[in-house]
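Structure data (mmCIF, C-alpha atoms) from my_file_27.cif:
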data_work
#
loop_
_atom_site.label_atom_id
_atom_site.label_comp_id
_atom_site.auth_asym_id
_atom_site.auth_seq_id
_atom_site.Cartn_x
_atom_site.Cartn_y
_atom_site.Cartn_z
CA MET S 1 87.63 161.80 170.98
CA THR S 2 88.26 159.94 174.21
CA GLU S 3 89.27 162.78 176.52
CA GLN S 4 87.49 163.11 179.84
CA THR S 5 86.87 166.47 181.47
CA PRO S 6 86.14 166.48 185.20
CA VAL S 7 83.88 169.10 186.72
CA ASN S 8 83.73 170.76 190.07
CA LYS S 9 80.34 169.58 191.31
CA THR S 10 80.05 172.46 193.76
CA THR S 11 79.48 174.88 190.87
CA ALA S 12 76.35 173.10 189.58
CA ILE S 13 72.94 174.58 190.26
CA ALA S 14 69.86 172.33 190.09
CA ALA S 15 67.34 173.61 187.56
CA LEU S 16 65.66 170.53 186.11
CA PRO S 17 63.28 168.19 187.97
CA ASP S 18 65.31 165.34 189.52
CA ALA S 19 68.42 167.05 188.14
CA GLN S 20 71.85 165.47 188.33
CA THR S 21 75.10 167.05 187.18
CA VAL S 22 77.27 165.56 184.45
CA THR S 23 80.79 165.06 185.82
CA SER S 24 82.58 163.56 182.80
CA VAL S 25 81.92 162.49 179.20
CA LYS S 26 83.90 160.13 177.00
CA HIS S 27 83.25 159.61 173.29
CA TRP S 28 84.40 156.13 172.26
CA THR S 29 83.43 156.27 168.58
CA ASP S 30 81.21 158.38 166.35
CA ASP S 31 78.31 156.23 167.55
CA LEU S 32 79.10 155.45 171.20
CA PHE S 33 79.74 157.50 174.32
CA SER S 34 79.69 157.13 178.09
CA PHE S 35 79.14 159.70 180.81
CA ARG S 36 79.08 159.97 184.57
CA VAL S 37 76.71 162.03 186.70
CA SER S 38 76.29 162.89 190.34
CA ARG S 39 74.41 160.34 192.43
CA PRO S 40 71.39 161.34 194.52
CA PRO S 41 72.28 160.73 198.19
CA SER S 42 69.07 158.74 198.70
CA LEU S 43 69.48 156.49 195.64
CA ARG S 44 69.93 152.80 196.41
CA PHE S 45 70.11 150.23 193.63
CA ARG S 46 71.26 146.70 192.91
CA SER S 47 74.09 146.30 190.41
CA GLY S 48 72.53 145.50 187.04
CA GLU S 49 69.41 147.67 187.41
CA PHE S 50 68.34 150.59 185.23
CA VAL S 51 66.78 154.02 185.73
CA MET S 52 64.96 156.52 183.55
CA ILE S 53 67.14 159.43 182.45
CA GLY S 54 66.71 162.23 179.93
CA LEU S 55 66.35 165.89 179.12
CA MET S 56 63.51 168.37 178.80
CA GLY S 57 61.77 168.21 175.43
CA ASP S 58 61.31 171.16 173.12
CA PRO S 59 58.67 173.72 174.14
CA HIS S 60 55.19 173.11 172.75
CA PRO S 61 54.72 175.49 169.79
CA GLU S 62 51.43 176.84 171.19
CA THR S 63 51.64 176.57 174.96
CA GLY S 64 55.40 176.78 175.41
CA LYS S 65 55.24 173.99 177.99
CA GLN S 66 58.01 171.39 178.12
CA LYS S 67 57.79 167.73 179.05
CA PRO S 68 60.64 165.45 180.12
CA LEU S 69 61.97 163.17 177.38
CA LEU S 70 63.04 160.00 179.22
CA ARG S 71 64.48 156.61 178.27
CA ALA S 72 65.56 153.54 180.26
CA TYR S 73 69.34 153.34 180.78
CA SER S 74 71.18 150.59 182.62
CA ILE S 75 73.48 151.89 185.33
CA ALA S 76 76.98 150.90 184.27
CA SER S 77 78.60 151.75 187.60
CA PRO S 78 78.39 149.33 190.55
CA ALA S 79 76.06 149.86 193.50
CA TRP S 80 78.94 151.06 195.71
CA ASP S 81 80.11 153.87 193.38
CA ASP S 82 79.75 157.50 194.46
CA GLU S 83 78.66 158.48 190.93
CA LEU S 84 76.45 156.95 188.25
CA GLU S 85 77.85 155.89 184.88
CA PHE S 86 75.89 155.33 181.65
CA TYR S 87 76.89 153.94 178.26
CA SER S 88 74.91 155.06 175.22
CA ILE S 89 74.56 154.82 171.49
CA LYS S 90 74.24 158.01 169.43
CA VAL S 91 71.16 158.09 167.22
CA GLN S 92 71.46 161.20 165.07
CA ASP S 93 67.71 161.59 164.58
CA GLY S 94 66.75 160.08 167.94
CA PRO S 95 64.51 162.27 170.10
CA LEU S 96 66.81 161.91 173.12
CA THR S 97 70.27 160.71 172.05
CA SER S 98 70.52 163.27 169.24
CA ARG S 99 70.74 165.81 172.08
CA LEU S 100 72.17 163.71 174.91
CA GLN S 101 75.34 162.97 172.91
CA HIS S 102 76.27 166.67 173.12
CA ILE S 103 76.14 166.98 176.92
CA LYS S 104 79.20 168.40 178.64
CA PRO S 105 80.54 168.32 182.21
CA GLY S 106 78.70 170.81 184.38
CA GLU S 107 75.41 170.42 182.49
CA GLN S 108 72.44 168.54 183.86
CA ILE S 109 70.25 165.59 183.00
CA ILE S 110 67.00 164.35 184.50
CA LEU S 111 67.31 161.15 186.53
CA ARG S 112 64.28 159.45 188.02
CA PRO S 113 65.60 157.77 191.21
CA LYS S 114 63.53 154.58 190.93
CA PRO S 115 65.84 151.73 189.82
CA VAL S 116 64.33 148.50 188.48
CA GLY S 117 65.40 145.60 186.30
CA THR S 118 65.82 141.85 185.98
CA LEU S 119 69.61 141.57 185.58
CA VAL S 120 70.22 141.15 189.30
CA HIS S 121 71.63 138.29 191.32
CA ASP S 122 68.39 137.88 193.25
CA ALA S 123 66.64 136.69 190.07
CA LEU S 124 68.94 133.66 189.67
CA LEU S 125 69.23 130.39 191.53
CA PRO S 126 72.68 129.55 192.96
CA GLY S 127 75.12 128.20 190.36
CA LYS S 128 78.81 127.70 189.60
CA ARG S 129 79.22 129.63 186.33
CA ILE S 130 77.58 132.85 185.11
CA TRP S 131 77.30 133.86 181.45
CA PHE S 132 76.88 137.53 180.57
CA PHE S 133 75.61 137.86 176.98
CA ALA S 134 75.70 141.40 175.53
CA THR S 135 75.49 143.15 172.20
CA GLY S 136 76.41 146.80 171.67
CA THR S 137 75.62 149.07 174.60
CA GLY S 138 73.96 146.08 176.26
CA PHE S 139 77.35 145.74 177.96
CA ALA S 140 76.31 148.48 180.42
CA PRO S 141 74.62 146.39 183.15
CA PHE S 142 77.51 143.94 183.06
CA ALA S 143 79.95 146.81 183.54
CA SER S 144 78.12 147.23 186.84
CA LEU S 145 78.00 143.52 187.71
CA LEU S 146 81.67 142.95 186.82
CA ARG S 147 82.57 145.49 189.52
CA GLU S 148 80.16 144.02 192.07
CA PRO S 149 81.80 141.81 194.76
CA GLU S 150 78.68 139.60 194.99
CA THR S 151 79.29 138.40 191.42
CA TYR S 152 82.58 136.84 192.50
CA GLU S 153 81.17 135.51 195.75
CA ASN S 154 78.40 133.68 193.88
CA TYR S 155 80.33 132.10 191.00
CA ASP S 156 83.55 130.21 190.28
CA GLU S 157 83.64 131.37 186.65
CA ILE S 158 82.34 134.50 184.90
CA ILE S 159 82.11 134.50 181.11
CA MET S 160 81.59 137.90 179.49
CA THR S 161 80.59 137.70 175.82
CA HIS S 162 80.25 140.92 173.85
CA THR S 163 79.25 141.04 170.19
CA CYS S 164 79.48 144.22 168.08
CA ARG S 165 79.76 145.06 164.40
CA ASP S 166 83.21 146.67 164.54
CA VAL S 167 86.33 146.30 166.68
CA ALA S 168 86.14 149.89 167.97
CA ASP S 169 82.66 149.17 169.35
CA LEU S 170 84.23 146.66 171.76
CA GLU S 171 86.62 149.20 173.28
CA TYR S 172 84.46 150.29 176.22
CA GLY S 173 84.16 146.72 177.48
CA ARG S 174 87.74 145.78 176.64
CA GLN S 175 89.16 148.72 178.57
CA LEU S 176 86.86 148.14 181.53
CA ILE S 177 88.00 144.53 181.90
CA GLU S 178 91.64 145.46 181.35
CA ASN S 179 91.41 148.17 184.01
CA LEU S 180 89.68 145.78 186.41
CA ARG S 181 92.71 143.50 186.25
CA LYS S 182 95.30 146.20 186.93
CA ASP S 183 93.52 148.86 188.98
CA GLU S 184 94.85 148.80 192.55
CA MET S 185 91.51 149.68 194.10
CA MET S 186 89.68 146.93 192.21
CA LEU S 187 92.41 144.44 193.04
CA GLU S 188 92.02 145.33 196.70
CA LEU S 189 88.22 145.23 196.57
CA LEU S 190 87.80 142.04 194.55
CA GLY S 191 91.10 140.20 194.91
CA GLN S 192 93.31 138.77 192.18
CA GLU S 193 91.90 135.27 192.63
CA ASN S 194 88.41 136.60 191.89
CA LEU S 195 89.43 138.71 188.90
CA ASP S 196 91.04 135.58 187.47
CA LYS S 197 87.52 134.14 187.23
CA ILE S 198 86.68 136.48 184.32
CA ARG S 199 86.81 135.04 180.81
CA TYR S 200 86.28 137.72 178.17
CA TYR S 201 84.94 136.61 174.76
CA PRO S 202 84.52 139.52 172.29
CA THR S 203 83.28 138.94 168.73
CA THR S 204 82.54 141.12 165.72
CA THR S 205 80.03 140.58 162.94
CA ARG S 206 81.27 143.02 160.29
CA GLU S 207 84.87 144.15 160.74
CA GLN S 208 87.59 141.48 160.74
CA SER S 209 88.76 140.50 164.24
CA PRO S 210 90.32 137.50 166.01
CA LYS S 211 86.83 136.04 166.57
CA MET S 212 84.06 136.65 164.04
CA GLY S 213 80.40 135.72 164.25
CA ARG S 214 77.17 136.24 166.13
CA ILE S 215 77.24 134.79 169.61
CA THR S 216 74.09 132.82 168.85
CA THR S 217 75.80 131.06 165.92
CA LEU S 218 78.93 130.39 167.99
CA LEU S 219 76.75 128.86 170.70
CA GLU S 220 74.71 126.69 168.37
CA ASP S 221 77.64 125.30 166.39
CA GLY S 222 79.70 124.68 169.53
CA THR S 223 82.53 127.08 168.64
CA LEU S 224 82.11 129.03 171.87
CA PHE S 225 82.42 125.91 173.99
CA ARG S 226 85.44 124.62 172.08
CA ASP S 227 87.19 127.99 172.35
CA LEU S 228 86.65 128.11 176.11
CA GLY S 229 87.18 124.43 176.78
CA ILE S 230 83.75 124.10 178.34
CA ASP S 231 81.47 121.08 178.00
CA GLY S 232 78.27 122.99 177.17
CA ILE S 233 75.68 124.71 179.34
CA ARG S 234 73.70 122.77 181.95
CA PRO S 235 70.93 123.83 184.33
CA ASP S 236 72.67 122.35 187.37
CA THR S 237 75.78 124.53 186.99
CA ASP S 238 75.16 127.44 184.58
CA ARG S 239 73.34 130.74 184.99
CA ALA S 240 72.97 133.50 182.40
CA MET S 241 71.98 137.13 181.90
CA ILE S 242 71.11 138.63 178.51
CA CYS S 243 71.07 142.27 177.39
CA GLY S 244 70.92 143.23 173.74
CA SER S 245 68.68 143.68 170.75
CA MET S 246 65.22 142.12 170.66
CA GLY S 247 66.49 139.61 168.12
CA LEU S 248 69.36 138.55 170.35
CA ASN S 249 67.10 138.29 173.38
CA THR S 250 64.66 136.05 171.52
CA ASP S 251 67.31 133.83 169.96
CA LEU S 252 69.34 133.41 173.14
CA LYS S 253 66.24 132.63 175.15
CA ARG S 254 65.40 129.84 172.69
CA ILE S 255 68.97 128.50 172.77
CA LEU S 256 69.21 128.52 176.56
CA GLU S 257 65.84 126.85 176.92
CA GLY S 258 67.16 124.21 174.52
CA PHE S 259 69.93 123.55 177.04
CA GLY S 260 67.26 123.01 179.70
CA LEU S 261 67.52 126.40 181.40
CA VAL S 262 64.39 128.19 182.65
CA GLU S 263 63.83 131.95 182.51
CA GLY S 264 63.53 133.61 185.89
CA ALA S 265 62.50 136.92 187.43
CA ASN S 266 62.86 138.84 190.67
CA SER S 267 59.79 137.08 192.02
CA ASP S 268 60.78 133.67 190.62
CA PRO S 269 64.54 133.00 190.56
CA GLN S 270 65.59 130.50 187.88
CA HIS S 271 68.52 129.79 185.53
CA PHE S 272 68.61 132.88 183.28
CA VAL S 273 67.14 136.36 182.95
CA VAL S 274 66.63 138.80 180.08
CA GLU S 275 66.59 142.61 180.25
CA LYS S 276 63.50 143.49 178.24
CA ALA S 277 63.79 147.25 178.79
CA PHE S 278 66.93 147.54 176.67
CA VAL S 279 66.86 147.54 172.88
CA GLY S 280 69.99 148.51 170.99
#
What does the file become when written as structure tokens?
Amino acid sequence: MTEQTPVNKTTAIAALPDAQTVTSVKHWTDDLFSFRVSRPPSLRFRSGEFVMIGLMGDPHPETGKQKPLLRAYSIASPAWDDELEFYSIKVQDGPLTSRLQHIKPGEQIILRPKPVGTLVHDALLPGKRIWFFATGTGFAPFASLLREPETYENYDEIIMTHTCRDVADLEYGRQLIENLRKDEMMLELLGQENLDKIRYYPTTTREQSPKMGRITTLLEDGTLFRDLGIDGIRPDTDRAMICGSMGLNTDLKRILEGFGLVEGANSDPQHFVVEKAFVG
């Protein structure tokens, strides 16, 4: 289920508009997969941003014409990577993911090379500690930011929370952080002293695990702070980024505002930002 198959990119032939070639695919569970694609030479993005990707839709029954079927996907790879990585849920009756989950190395996807998004360092005021709050595949932009040197230059402490239903759903994030800490290239790029800044806090809501509960509950009842030995969240020191379901986004926004934090944007840097384009 988790085998990767590399592809020789020189054999790919562009056929779709804005086509990029799939270079590897990894299925994490029956419901989650990640894949890497070639990167357009002209594409520049900030770690944490997203792009529109997809496939061609089915031909119109009368005209036979096809239209692109596109969805917003956070780029899970950092801005310096030669390829682009994406992390996706599988929706069996979903217009796009019902087909996207079957892609194989050497095949192509559509990628609109216009990155945007709010989960970028420019949208936050300077601080000492950054909180990354994710549910499910909302981990993707943080997979990018955790491999971005600027993250470690800006903060003394990086807290990555990831909440999923089952333990297996945490595996993508767990392996990424584990590999960060032992990969020679990442150690050279980021430095051991910077990687030691990461504090990983995974929780599950359905399957039994060492830490159970929704991150919102663990925040409100103080469990999260007690577990980490942190004296709460304050606007003078703490910054946060949120990527998850609409319910999580709404609840976490309320909780952070209760701590005195103000929501920011690219045009108005503040204490926390929410990725509104992602739902899942």
What are the closest atom pairs, with distances in Å to one decimal, for all residues of region 140-161 of chain S lying within 6 Å of region 38-59 of chain S? Consider only C-alpha atoms, order rows by chain and residue number, and present the result as JSON lines.
{"residue": "S:Pro141", "atom": "CA", "partner": "S:Gly48", "partner_atom": "CA", "distance": 4.5}
{"residue": "S:Ser144", "atom": "CA", "partner": "S:Ser47", "partner_atom": "CA", "distance": 5.5}
{"residue": "S:Leu145", "atom": "CA", "partner": "S:Ser47", "partner_atom": "CA", "distance": 5.5}
Please identify all polymer residues within 7 Å of Arg199 (chain S), counting all atoms listed in the file, omitting same-chain residues fewer than 6 positions from it, and present them as an mmCIF file with C-alpha atoms, in the coordinates of the input.
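The new file result06.cif reads:
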data_model
loop_
_atom_site.group_PDB
_atom_site.id
_atom_site.type_symbol
_atom_site.label_atom_id
_atom_site.label_comp_id
_atom_site.auth_asym_id
_atom_site.auth_seq_id
_atom_site.Cartn_x
_atom_site.Cartn_y
_atom_site.Cartn_z
ATOM 1 C CA ILE S 158 82.340 134.500 184.900
ATOM 2 C CA ILE S 159 82.110 134.500 181.110
ATOM 3 C CA MET S 160 81.590 137.900 179.490
#
Expand the PyMOL selection byres ((chain S and resi 237) around 6) into the explicit residue set it covers here, and present it as a list in words.
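Checking the PyMOL selection byres ((chain S and resi 237) around 6) against this file, the residues are Gly127, Lys128, Arg234, Pro235, Asp236 and Asp238 of chain S.
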Selection result for the PyMOL selection byres ((chain S and resi 207) around 9) on this file, as JSON, numbers by chain:
{"S": [165, 166, 167, 204, 205, 206, 208, 209, 212]}
What's around Ile103 (chain S) at 9 Å? Count all atoms listed in the file, leave out sequence neighbours fewer than 5 positions away in its own chain, and write the answer as a ChimeraX atom specification.
/S:22,25,35,108-109
Any chance you can output those residues with C-alpha atoms as an mmCIF file, in the frame of the given file?
data_model
loop_
_atom_site.group_PDB
_atom_site.id
_atom_site.type_symbol
_atom_site.label_atom_id
_atom_site.label_comp_id
_atom_site.auth_asym_id
_atom_site.auth_seq_id
_atom_site.Cartn_x
_atom_site.Cartn_y
_atom_site.Cartn_z
ATOM 1 C CA VAL S 22 77.270 165.560 184.450
ATOM 2 C CA VAL S 25 81.920 162.490 179.200
ATOM 3 C CA PHE S 35 79.140 159.700 180.810
ATOM 4 C CA GLN S 108 72.440 168.540 183.860
ATOM 5 C CA ILE S 109 70.250 165.590 183.000
#
With distances taken over all atoms listed in the file, which of S:Lys211, S:Leu124, S:Leu224, S:Leu219 is nearest to Gly258 (chain S)?
S:Leu219
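Omitting Trp28 (chain S) and its sequence neighbours fewer than 5 positions away, and counting all atoms listed in the file, the residues within 12 Å are S:Met1, S:Thr2, S:Glu3, S:Gln4, S:Phe33, S:Ser34, S:Phe35, S:Tyr87, S:Ser88, S:Ile89, S:Lys90, S:Gln101, S:Thr137, S:Val167, S:Ala168, S:Asp169, S:Leu170, S:Glu171, S:Tyr172, S:Gly173, S:Arg174, S:Gln175.
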Those same residues, written as a short mmCIF file (atom, residue, chain, number, x, y, z; two decimals), keeping the file's coordinate frame with C-alpha atoms?
data_model
loop_
_atom_site.label_atom_id
_atom_site.label_comp_id
_atom_site.auth_asym_id
_atom_site.auth_seq_id
_atom_site.Cartn_x
_atom_site.Cartn_y
_atom_site.Cartn_z
CA MET S 1 87.63 161.80 170.98
CA THR S 2 88.26 159.94 174.21
CA GLU S 3 89.27 162.78 176.52
CA GLN S 4 87.49 163.11 179.84
CA PHE S 33 79.74 157.50 174.32
CA SER S 34 79.69 157.13 178.09
CA PHE S 35 79.14 159.70 180.81
CA TYR S 87 76.89 153.94 178.26
CA SER S 88 74.91 155.06 175.22
CA ILE S 89 74.56 154.82 171.49
CA LYS S 90 74.24 158.01 169.43
CA GLN S 101 75.34 162.97 172.91
CA THR S 137 75.62 149.07 174.60
CA VAL S 167 86.33 146.30 166.68
CA ALA S 168 86.14 149.89 167.97
CA ASP S 169 82.66 149.17 169.35
CA LEU S 170 84.23 146.66 171.76
CA GLU S 171 86.62 149.20 173.28
CA TYR S 172 84.46 150.29 176.22
CA GLY S 173 84.16 146.72 177.48
CA ARG S 174 87.74 145.78 176.64
CA GLN S 175 89.16 148.72 178.57
#
Selection result for the PyMOL selection byres ((chain S and resi 274-276) around 9) on this file, as a PyMOL selection string:
chain S and resi 117-119+240-244+246+249+253+263-265+272-273+277-279
Nearest to Ala143 (chain S) among S:Ser98, S:Thr223, S:Asn179, S:Ser77, with distances taken over only C-alpha atoms: which residue is it?
S:Ser77
Could you tell me how far CA of Arg129 (chain S) lies from CA of Asp156 (chain S), in Å and to one decimal?
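Going from CA of Arg129 (chain S) over to CA of Asp156 (chain S), I get 5.9 Å.
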